[in-house]
>>> print(open('start_28.cif').read())   # mmCIF, C-alpha atoms and all ligand atoms
data_protein
loop_
_atom_site.label_atom_id
_atom_site.label_comp_id
_atom_site.auth_asym_id
_atom_site.auth_seq_id
_atom_site.Cartn_x
_atom_site.Cartn_y
_atom_site.Cartn_z
CA MET X 1 79.73 -1.90 -19.35
CA TYR X 2 80.38 -5.06 -21.32
CA THR X 3 80.25 -6.76 -17.95
CA GLN X 4 77.27 -4.98 -16.40
CA ALA X 5 75.66 -8.13 -15.04
CA LEU X 6 78.64 -8.68 -12.80
CA ASN X 7 77.53 -5.88 -10.57
CA ASN X 8 74.58 -7.96 -9.42
CA LEU X 9 76.22 -11.31 -8.80
CA ASP X 10 76.67 -13.01 -5.48
CA LEU X 11 80.24 -14.04 -5.00
CA PRO X 12 81.62 -16.09 -2.13
CA GLN X 13 83.44 -13.95 0.40
CA ASN X 14 86.05 -16.41 1.63
CA ASP X 15 89.80 -16.77 1.82
CA GLU X 16 89.96 -14.24 4.63
CA GLY X 17 92.08 -16.27 7.07
CA ASP X 18 94.54 -17.62 4.47
CA PRO X 19 98.04 -16.17 4.99
CA ARG X 20 98.58 -16.28 1.22
CA GLU X 21 95.67 -13.86 0.97
CA ALA X 22 97.64 -11.17 2.80
CA ARG X 23 100.64 -11.74 0.53
CA PHE X 24 98.34 -11.54 -2.50
CA MET X 25 96.82 -8.24 -1.34
CA ALA X 26 100.30 -6.85 -0.71
CA ARG X 27 101.21 -7.65 -4.31
CA ILE X 28 98.01 -5.98 -5.53
CA ASP X 29 98.71 -2.90 -3.40
CA ALA X 30 102.25 -2.75 -4.82
CA GLU X 31 100.74 -2.65 -8.35
CA GLU X 32 102.25 -6.02 -9.22
CA ARG X 33 100.53 -8.03 -11.94
CA ILE X 34 98.99 -11.36 -11.00
CA GLU X 35 99.72 -14.15 -13.49
CA PRO X 36 97.60 -17.28 -14.11
CA ASN X 37 99.70 -19.71 -12.04
CA ASP X 38 100.12 -17.35 -9.08
CA PHE X 39 98.07 -17.83 -5.94
CA MET X 40 94.79 -15.90 -6.01
CA PRO X 41 91.72 -15.94 -3.76
CA GLU X 42 88.79 -17.92 -5.17
CA GLY X 43 86.61 -14.79 -5.28
CA TYR X 44 89.21 -12.98 -7.40
CA ARG X 45 89.42 -15.90 -9.81
CA LYS X 46 85.63 -16.23 -10.10
CA THR X 47 85.10 -12.52 -10.58
CA LEU X 48 87.70 -12.43 -13.34
CA VAL X 49 86.45 -15.51 -15.18
CA ARG X 50 82.92 -14.08 -15.17
CA GLN X 51 84.00 -10.58 -16.11
CA ILE X 52 86.35 -11.61 -18.92
CA ALA X 53 83.85 -14.13 -20.31
CA GLN X 54 81.06 -11.53 -20.30
CA HIS X 55 83.40 -9.11 -21.99
CA ALA X 56 84.31 -11.72 -24.64
CA HIS X 57 80.64 -12.60 -25.22
CA SER X 58 79.85 -8.90 -25.70
CA GLU X 59 82.49 -8.61 -28.42
CA ILE X 60 81.13 -11.64 -30.26
CA ILE X 61 77.44 -10.74 -29.89
CA GLY X 62 78.31 -7.17 -30.83
CA MET X 63 79.25 -8.41 -34.30
CA LEU X 64 75.61 -9.27 -35.00
CA PRO X 65 73.88 -5.86 -35.06
CA GLU X 66 76.69 -4.46 -37.23
CA GLY X 67 77.05 -7.52 -39.45
CA ASN X 68 73.40 -6.95 -40.26
CA TRP X 69 74.41 -3.94 -42.43
CA ILE X 70 77.59 -5.12 -44.18
CA THR X 71 75.83 -6.05 -47.42
CA ARG X 72 73.85 -2.81 -47.39
CA ALA X 73 76.64 -0.31 -46.71
CA PRO X 74 76.14 2.76 -48.93
CA SER X 75 79.66 2.79 -50.45
CA LEU X 76 82.70 0.59 -50.84
CA ARG X 77 84.63 2.79 -48.37
CA ARG X 78 81.97 2.31 -45.69
CA LYS X 79 81.68 -1.37 -46.45
CA ALA X 80 85.41 -1.99 -46.13
CA ALA X 81 85.51 -0.06 -42.84
CA LEU X 82 82.52 -1.93 -41.41
CA LEU X 83 83.92 -5.29 -42.45
CA ALA X 84 87.26 -4.46 -40.84
CA LYS X 85 85.54 -3.29 -37.66
CA VAL X 86 83.39 -6.40 -37.33
CA GLN X 87 86.47 -8.55 -37.94
CA ASP X 88 88.28 -6.65 -35.17
CA GLU X 89 85.42 -7.37 -32.76
CA GLY X 90 85.78 -11.09 -33.51
CA GLY X 91 89.47 -10.76 -32.70
CA HIS X 92 88.67 -8.94 -29.44
CA GLY X 93 86.42 -11.83 -28.46
CA LEU X 94 89.26 -14.28 -29.15
CA TYR X 95 91.88 -12.38 -27.13
CA LEU X 96 89.47 -12.26 -24.23
CA TYR X 97 88.40 -15.92 -24.34
CA CYS X 98 92.11 -16.81 -24.28
CA ALA X 99 92.66 -14.56 -21.25
CA ALA X 100 89.72 -16.23 -19.45
CA GLU X 101 91.05 -19.68 -20.37
CA THR X 102 94.28 -19.02 -18.47
CA LEU X 103 92.07 -19.17 -15.34
CA GLY X 104 91.04 -22.73 -16.09
CA LYS X 105 87.76 -22.51 -18.01
CA SER X 106 87.59 -23.78 -21.59
CA ARG X 107 86.31 -21.68 -24.46
CA GLU X 108 83.82 -24.42 -25.30
CA GLU X 109 82.34 -24.18 -21.79
CA MET X 110 82.03 -20.42 -22.07
CA MET X 111 80.36 -20.70 -25.47
CA ASP X 112 77.88 -23.23 -24.10
CA GLU X 113 77.01 -20.87 -21.25
CA LEU X 114 76.39 -18.09 -23.73
CA VAL X 115 73.95 -20.00 -25.91
CA ASP X 116 72.05 -21.62 -23.07
CA GLY X 117 71.58 -18.27 -21.36
CA ARG X 118 73.69 -18.83 -18.24
CA ALA X 119 76.20 -16.15 -19.24
CA LYS X 120 75.39 -12.50 -19.84
CA TYR X 121 76.65 -9.93 -22.32
CA SER X 122 76.23 -6.18 -22.61
CA SER X 123 72.62 -4.94 -22.70
CA ILE X 124 73.49 -2.58 -25.58
CA PHE X 125 73.57 -5.35 -28.17
CA ASN X 126 69.94 -6.24 -27.53
CA TYR X 127 68.79 -3.14 -29.38
CA PRO X 128 68.11 -3.37 -33.13
CA THR X 129 70.03 -1.58 -35.90
CA LEU X 130 67.06 -0.20 -37.82
CA THR X 131 68.80 2.25 -40.16
CA TRP X 132 72.25 2.81 -41.65
CA ALA X 133 72.72 5.71 -39.21
CA ASP X 134 72.68 3.17 -36.37
CA ILE X 135 75.98 1.77 -37.66
CA GLY X 136 77.65 5.18 -37.32
CA MET X 137 75.96 5.66 -33.96
CA ILE X 138 77.30 2.36 -32.61
CA GLY X 139 80.85 3.26 -33.63
CA TRP X 140 80.62 6.71 -32.09
CA LEU X 141 78.68 5.95 -28.88
CA VAL X 142 79.05 2.24 -28.15
CA ASP X 143 82.73 1.99 -29.06
CA GLY X 144 83.25 5.39 -27.44
CA ALA X 145 81.75 4.09 -24.19
CA ALA X 146 83.76 0.88 -24.50
CA ILE X 147 86.99 2.89 -24.83
CA MET X 148 86.20 4.83 -21.62
CA ASN X 149 85.80 1.53 -19.83
CA GLN X 150 88.68 -0.32 -21.45
CA ILE X 151 91.49 2.20 -21.05
CA PRO X 152 91.64 1.77 -17.26
CA LEU X 153 91.36 -2.02 -17.74
CA CYS X 154 94.80 -1.91 -19.41
CA ARG X 155 96.08 -1.46 -15.82
CA CYS X 156 93.96 -4.29 -14.41
CA SER X 157 95.82 -6.37 -11.81
CA PHE X 158 95.41 -9.62 -13.79
CA GLY X 159 98.19 -9.77 -16.41
CA PRO X 160 96.49 -11.63 -19.28
CA TYR X 161 93.38 -9.41 -19.09
CA ALA X 162 95.45 -6.22 -19.01
CA ARG X 163 97.55 -7.36 -21.99
CA ALA X 164 94.44 -8.26 -24.02
CA MET X 165 93.01 -4.82 -23.26
CA ILE X 166 96.14 -3.07 -24.52
CA ARG X 167 95.76 -4.76 -27.92
CA ILE X 168 92.03 -4.04 -27.98
CA CYS X 169 92.41 -0.37 -27.08
CA LYS X 170 94.87 0.13 -29.94
CA GLU X 171 92.20 -1.11 -32.35
CA GLU X 172 89.17 0.65 -30.86
CA SER X 173 90.05 4.18 -31.77
CA PHE X 174 89.47 3.50 -35.48
CA HIS X 175 86.03 2.10 -34.58
CA GLN X 176 84.92 5.27 -32.88
CA ARG X 177 86.37 7.59 -35.50
CA GLN X 178 84.79 5.81 -38.46
CA GLY X 179 81.43 5.95 -36.64
CA TYR X 180 81.64 9.64 -35.88
CA GLU X 181 82.74 10.37 -39.44
CA GLN X 182 79.61 8.62 -40.72
CA ILE X 183 77.34 10.62 -38.43
CA MET X 184 79.14 13.85 -39.38
CA THR X 185 78.57 13.05 -43.04
CA LEU X 186 74.85 12.45 -42.46
CA CYS X 187 74.56 15.68 -40.49
CA ALA X 188 76.12 17.62 -43.36
CA GLY X 189 73.74 16.04 -45.89
CA THR X 190 70.08 16.56 -46.77
CA PRO X 191 67.48 17.33 -44.06
CA GLU X 192 66.34 13.69 -44.33
CA GLN X 193 69.89 12.46 -43.72
CA LYS X 194 70.29 14.79 -40.75
CA GLU X 195 66.99 13.50 -39.40
CA LEU X 196 68.25 9.93 -39.77
CA ALA X 197 71.23 10.79 -37.55
CA GLN X 198 69.07 12.58 -34.94
CA ASP X 199 66.57 9.71 -34.83
CA SER X 200 69.39 7.26 -34.31
CA LEU X 201 70.90 9.33 -31.48
CA ASN X 202 67.45 9.51 -29.88
CA ARG X 203 67.30 5.73 -29.76
CA TRP X 204 70.92 4.98 -28.78
CA TRP X 205 71.74 7.72 -26.26
CA TRP X 206 70.12 6.21 -23.18
CA PRO X 207 71.11 2.61 -23.89
CA SER X 208 74.73 3.84 -24.28
CA ILE X 209 74.55 5.66 -20.95
CA MET X 210 73.26 2.43 -19.36
CA MET X 211 76.28 0.50 -20.69
CA PHE X 212 78.23 1.67 -17.65
CA GLY X 213 76.00 -0.42 -15.38
CA PRO X 214 74.10 0.35 -12.19
CA SER X 215 74.81 3.47 -10.15
CA ASP X 216 77.58 3.14 -7.59
CA GLY X 217 75.10 2.83 -4.72
CA ASP X 218 73.48 -0.22 -6.36
CA SER X 219 76.63 -1.86 -7.63
CA VAL X 220 77.20 -4.57 -5.05
CA HIS X 221 80.66 -5.78 -5.96
CA SER X 222 82.21 -2.56 -7.12
CA ALA X 223 84.14 -2.04 -3.89
CA LYS X 224 85.75 -5.47 -3.95
CA SER X 225 86.71 -5.11 -7.62
CA MET X 226 88.25 -1.73 -6.86
CA ALA X 227 90.25 -3.18 -3.94
CA TRP X 228 91.50 -5.97 -6.19
CA LYS X 229 92.37 -3.39 -8.85
CA ILE X 230 90.31 -5.18 -11.44
CA LYS X 231 88.36 -1.96 -11.68
CA ARG X 232 89.98 1.48 -11.39
CA PHE X 233 86.97 3.77 -11.61
CA THR X 234 83.37 3.36 -10.46
CA ASN X 235 80.48 2.99 -12.93
CA ASP X 236 79.31 6.54 -12.26
CA GLU X 237 82.78 8.02 -12.69
CA LEU X 238 83.19 6.36 -16.09
CA ARG X 239 79.67 7.31 -17.13
CA GLN X 240 80.36 10.96 -16.30
CA LYS X 241 83.61 10.94 -18.29
CA PHE X 242 81.70 9.57 -21.27
CA ILE X 243 78.93 12.16 -21.00
CA ASP X 244 81.42 15.02 -20.70
CA ALA X 245 83.30 13.81 -23.76
CA THR X 246 80.26 13.05 -25.91
CA VAL X 247 77.85 15.96 -25.39
CA PRO X 248 80.16 18.52 -27.05
CA GLN X 249 80.79 16.09 -29.94
CA ALA X 250 77.02 15.94 -30.54
CA HIS X 251 76.59 19.72 -30.36
CA ARG X 252 79.51 20.30 -32.70
CA ILE X 253 77.64 18.58 -35.55
CA GLY X 254 74.24 20.04 -34.70
CA LEU X 255 72.68 17.07 -32.91
CA GLU X 256 70.52 17.37 -29.86
CA ILE X 257 70.90 15.02 -26.88
CA PRO X 258 67.45 13.50 -26.18
CA ASP X 259 67.33 14.63 -22.55
CA PRO X 260 65.29 17.71 -21.56
CA ASP X 261 67.08 17.81 -18.19
CA LEU X 262 70.59 17.93 -19.64
CA LYS X 263 72.49 20.96 -18.37
CA PHE X 264 76.05 22.15 -17.98
CA ASN X 265 77.10 22.83 -14.41
CA GLU X 266 79.42 25.84 -14.56
CA GLU X 267 80.75 25.18 -11.08
CA THR X 268 81.78 21.56 -11.52
CA GLY X 269 82.49 21.78 -15.24
CA HIS X 270 80.38 18.65 -15.83
CA TRP X 271 77.31 17.92 -17.93
CA GLU X 272 74.40 16.70 -15.76
CA ILE X 273 71.82 14.33 -17.17
CA GLY X 274 68.24 13.47 -16.22
CA GLU X 275 67.01 10.30 -14.57
CA ILE X 276 68.14 6.98 -16.09
CA ASP X 277 65.34 4.43 -16.65
CA TRP X 278 66.79 1.60 -14.55
CA GLU X 279 63.71 -0.53 -15.08
CA GLU X 280 64.50 -0.67 -18.79
CA PHE X 281 68.11 -1.54 -17.99
CA LYS X 282 67.10 -4.45 -15.75
CA ARG X 283 64.53 -5.70 -18.23
CA VAL X 284 66.98 -5.75 -21.15
CA LEU X 285 69.76 -7.35 -19.11
CA ALA X 286 67.36 -10.02 -17.86
CA GLY X 287 66.47 -10.98 -21.42
CA GLY X 288 63.48 -8.74 -22.14
CA GLY X 289 65.14 -6.42 -24.69
CA PRO X 290 63.97 -6.13 -28.28
CA CYS X 291 66.65 -8.51 -29.65
CA ASN X 292 67.77 -10.82 -26.82
CA ALA X 293 66.15 -13.92 -28.30
CA ASP X 294 67.44 -13.13 -31.82
CA ARG X 295 71.01 -12.60 -30.67
CA VAL X 296 71.25 -15.83 -28.74
CA ALA X 297 69.48 -17.75 -31.53
CA ALA X 298 71.95 -16.40 -34.13
CA ARG X 299 74.91 -17.35 -31.93
CA LYS X 300 73.45 -20.79 -31.32
CA ALA X 301 72.87 -21.38 -35.03
CA ALA X 302 76.47 -20.33 -35.82
CA GLN X 303 77.79 -22.72 -33.20
CA GLU X 304 75.63 -25.64 -34.31
CA ASN X 305 76.11 -25.10 -38.04
CA GLY X 306 79.86 -24.85 -37.60
CA ALA X 307 80.17 -27.98 -35.48
CA TRP X 308 80.77 -30.34 -38.41
CA VAL X 309 83.60 -28.12 -39.67
CA ARG X 310 85.34 -28.18 -36.31
CA ASP X 311 84.81 -31.93 -35.99
CA ALA X 312 86.08 -32.59 -39.51
CA ALA X 313 89.19 -30.46 -38.97
CA LEU X 314 89.93 -32.28 -35.74
CA ALA X 315 89.34 -35.73 -37.28
CA TYR X 316 91.64 -34.84 -40.17
CA ALA X 317 94.37 -33.65 -37.79
CA GLN X 318 94.07 -36.83 -35.74
CA LYS X 319 94.20 -39.04 -38.82
CA ARG X 320 97.31 -37.29 -40.09
CA ALA X 321 99.00 -37.53 -36.71
CA ALA X 322 98.21 -41.25 -36.54
CA ARG X 323 99.61 -41.81 -40.03
CA GLU X 324 102.77 -39.92 -39.16
CA SER X 325 103.45 -42.07 -36.09
CA GLU X 326 102.76 -45.20 -38.19
CA THR X 327 105.38 -44.11 -40.71
CA LEU X 328 107.85 -43.42 -37.93
CA ALA X 329 107.24 -46.83 -36.40
CA ALA X 330 107.72 -48.63 -39.76
CA MET J 331 80.01 -34.22 -26.42
CA THR J 332 82.20 -31.26 -27.22
CA ASN J 333 85.63 -31.95 -28.63
CA LEU J 334 88.17 -29.49 -27.30
CA THR J 335 90.08 -27.80 -30.10
CA PRO J 336 93.79 -27.68 -29.18
CA LEU J 337 95.35 -24.44 -27.96
CA TRP J 338 98.48 -22.93 -29.57
CA GLU J 339 100.77 -20.17 -28.38
CA VAL J 340 101.57 -17.54 -30.98
CA PHE J 341 104.95 -15.81 -31.39
CA ILE J 342 105.51 -12.99 -33.87
CA ARG J 343 108.63 -11.30 -35.18
CA THR J 344 107.67 -7.72 -35.85
CA ARG J 345 110.78 -6.65 -37.77
CA ASN J 346 113.86 -8.20 -39.30
CA GLY J 347 116.55 -8.63 -36.71
CA MET J 348 114.11 -8.79 -33.80
CA ALA J 349 113.30 -11.89 -31.76
CA HIS J 350 109.91 -13.60 -31.99
CA ARG J 351 107.74 -12.44 -29.09
CA HIS J 352 104.76 -14.12 -27.48
CA VAL J 353 101.56 -12.27 -28.46
CA GLY J 354 98.76 -14.59 -27.35
CA SER J 355 97.10 -17.84 -28.27
CA VAL J 356 94.61 -19.38 -30.72
CA HIS J 357 92.54 -22.54 -30.97
CA ALA J 358 93.03 -24.73 -34.03
CA ALA J 359 92.78 -28.37 -35.04
CA ASP J 360 96.31 -28.52 -36.48
CA ALA J 361 99.44 -26.46 -37.08
CA ALA J 362 98.45 -25.23 -40.55
CA LEU J 363 95.09 -23.95 -39.29
CA ALA J 364 96.76 -22.46 -36.22
CA LEU J 365 99.12 -20.45 -38.47
CA GLN J 366 96.20 -19.13 -40.51
CA ALA J 367 94.19 -18.24 -37.41
CA ALA J 368 97.24 -16.51 -35.90
CA ARG J 369 97.68 -14.50 -39.11
CA ASP J 370 94.04 -13.37 -38.99
CA VAL J 371 93.91 -12.68 -35.28
CA TYR J 372 97.31 -11.11 -34.60
CA THR J 373 98.59 -9.51 -37.81
CA ARG J 374 95.69 -7.52 -39.26
CA ARG J 375 97.68 -4.29 -39.26
CA GLY J 376 101.14 -5.24 -40.42
CA GLU J 377 102.29 -6.37 -36.98
CA GLY J 378 104.53 -9.12 -38.22
CA LEU J 379 106.98 -10.61 -40.73
CA SER J 380 107.07 -14.10 -39.29
CA ILE J 381 104.84 -16.25 -37.07
CA TRP J 382 105.60 -19.29 -34.92
CA VAL J 383 102.82 -21.41 -33.43
CA VAL J 384 103.62 -23.90 -30.67
CA PRO J 385 101.19 -26.36 -29.02
CA SER J 386 100.49 -24.84 -25.59
CA ASN J 387 100.93 -28.21 -23.89
CA ALA J 388 104.47 -28.45 -25.30
CA ILE J 389 105.58 -25.58 -23.08
CA THR J 390 107.14 -26.38 -19.72
CA ALA J 391 106.89 -23.44 -17.35
CA SER J 392 108.69 -22.72 -14.09
CA ASP J 393 106.51 -22.86 -11.00
CA PRO J 394 105.80 -19.42 -9.47
CA ALA J 395 105.76 -21.08 -6.04
CA GLU J 396 109.41 -22.02 -6.53
CA LYS J 397 110.40 -18.57 -7.68
CA ASP J 398 112.72 -18.02 -4.72
CA GLU J 399 114.79 -21.20 -5.10
CA MET J 400 114.81 -20.72 -8.85
CA PHE J 401 116.01 -17.13 -9.13
CA GLU J 402 117.30 -16.04 -5.73
CA PRO J 403 120.86 -17.43 -6.19
CA THR J 404 121.65 -14.78 -8.77
CA ALA J 405 120.96 -11.95 -6.33
CA SER J 406 124.15 -12.65 -4.34
CA LYS J 407 126.40 -12.91 -7.39
CA VAL J 408 127.10 -9.26 -7.91
CA TYR J 409 130.53 -10.13 -9.34
CA ARG J 410 128.72 -11.12 -12.56
CA HIS J 411 128.17 -7.44 -13.28
CA PRO J 412 130.81 -5.07 -14.69
CA SER J 413 130.14 -2.44 -12.02
CA PHE J 414 131.54 -4.87 -9.37
CA TYR J 415 135.11 -4.18 -10.51
CA ASP J 416 137.02 -1.04 -9.54
CA ILE J 417 138.81 0.59 -12.43
CA PRO J 418 140.19 4.14 -12.15
CA ASP J 419 138.21 6.78 -14.07
CA ASP J 420 141.19 7.74 -16.22
CA ILE J 421 141.41 4.28 -17.83
CA GLU J 422 139.66 4.72 -21.14
CA ASN J 423 137.79 2.41 -23.50
CA MET J 424 136.74 -0.09 -20.85
FE FE X 501 85.76 -4.45 -29.36
FE FE X 502 85.02 -1.84 -31.21
#
>>> encode(input="start_28.cif", output="structure tokens")
Amino acid sequence: MYTQALNNLDLPQNDEGDPREARFMARIDAEERIEPNDFMPEGYRKTLVRQIAQHAHSEIIGMLPEGNWITRAPSLRRKAALLAKVQDEGGHGLYLYCAAETLGKSREEMMDELVDGRAKYSSIFNYPTLTWADIGMIGWLVDGAAIMNQIPLCRCSFGPYARAMIRICKEESFHQRQGYEQIMTLCAGTPEQKELAQDSLNRWWWPSIMMFGPSDGDSVHSAKSMAWKIKRFTNDELRQKFIDATVPQAHRIGLEIPDPDLKFNEETGHWEIGEIDWEEFKRVLAGGGPCNADRVAARKAAQENGAWVRDAALAYAQKRAARESETLAA
Amino acid sequence: MTNLTPLWEVFIRTRNGMAHRHVGSVHAADAALALQAARDVYTRRGEGLSIWVVPSNAITASDPAEKDEMFEPTASKVYRHPSFYDIPDDIENM
């Protein structure tokens, strides 16, 4: 998902002999929330910092492909909706950076890791938004997939992360609905407009499916995250929920899923898909996607070009504070 | 060198007559900017009528490790609750 890369990280497996570890696990098992100042095993802390930071980075980077179309939205209604959505994503990034900061890492450090390539973000945002239909497609599929992933995160064992997710989930549903409405409108339009929607689905379907991360068998740290109740469902379980929800939505508006092997299994009641191209997934996550370099460069430019504003605001605040204490002393 | 922008805790009163509640935090150079950032981040959908921002480092928190000493004494003081006192059922308005 927004934290796909986490599934491949090597984390220290320590803390086993610590008696506080047993107490911690008992609290987790009892569905208690862990708060920032509570004892937690190092592995739990590291996993969370990485996961929440990756999640935050994905929200911020996710503003770029959509921001690309704000000035070219086809109507004022669409423009206002897109602007509000992109603004929400910025807010989501902020809630999440704050949640990660409660674990002792500064936002500045996380930002540095993002622009120098040490930190990852979701592979989905390394695909380009070539047409206006892609904006609707992102709302429908990408936000739709994010919702599937984020709803169970509202019950994550770490309090600040769970609380951030509750706020985020409240805001996401508008994102998906405005996207689907756009695609519906295109599908009800001219043959060219319908084709625009189908072409967009053809390009975004598989990358959206890959958002859920590696298959359970290849997801190294899934089990530990499940035991810690950071994660409530496996990658494959969430992916299947998304497919089952989305296929009928596509059919309802006359779109075809670009998968010749797609079939409905009457017995299980689930839609079954063909083989996922995991090589593409790995390549894009490792930096070889169509837009990786662009995304990081845009983020870096924003950070560098904004530095003087942050410095000036800080200098001004310090000057005023100094003047105030002078006046008090006099 | 990166200057760390100070952190502020944000409290919002959602309706008249309600208490301000903690909703999250923001980074800002000073109080005026913190208020504006809090408005943009936490009240985009009519969530509030009033905002407080407080420097995070101005908050003193109890230590979770001392939770027992801190809060346990109240557990034995059941006489602080109305149900501790026996009053016959037919006494009304009490
Ligand atoms: Fe979001
Ligand atoms: Fe969203």
>>> residues_near_ligand(input="start_28.cif", ligand="ligand FE 501 (chain X)", cutoff="10 Å", atoms="all atoms listed in the file", output="list in words")
Tyr2, His55, Ala56, Ser58, Glu59, Ile60, Gly62, Met63, Lys85, Val86, Gln87, Asp88, Glu89, Gly90, Gly91, His92, Gly93, Val142, Asp143, Ala146, Ile147, Gln150, Met165, Ile168, Cys169, Glu171, Glu172, Ser173 and His175 of chain X
>>> interface_residues(input="start_28.cif", of="chain X", to="chain J", cutoff="8 Å", atoms="all atoms listed in the file", output="JSON, numbers by chain")
{"X": [37, 38, 91, 94, 95, 98, 108, 310, 311, 313, 314, 317]}
>>> residues_around(input="start_28.cif", residues="segment 345-349 of chain J", least_positions_apart="6", cutoff="10 Å", atoms="all atoms listed in the file", output="PyMOL selection string")
chain J and resi 377-380
>>> atom_distance(input="start_28.cif", atom1="atom CA of Gln54 of chain X", atom2="atom CA of Lys120 of chain X")
5.8 Å
>>> residues_around(input="start_28.cif", residues="segment 247-263 of chain X", least_positions_apart="6", cutoff="7 Å", atoms="only C-alpha atoms", output="ChimeraX atom specification")
/X:184,187,198,202,271-274
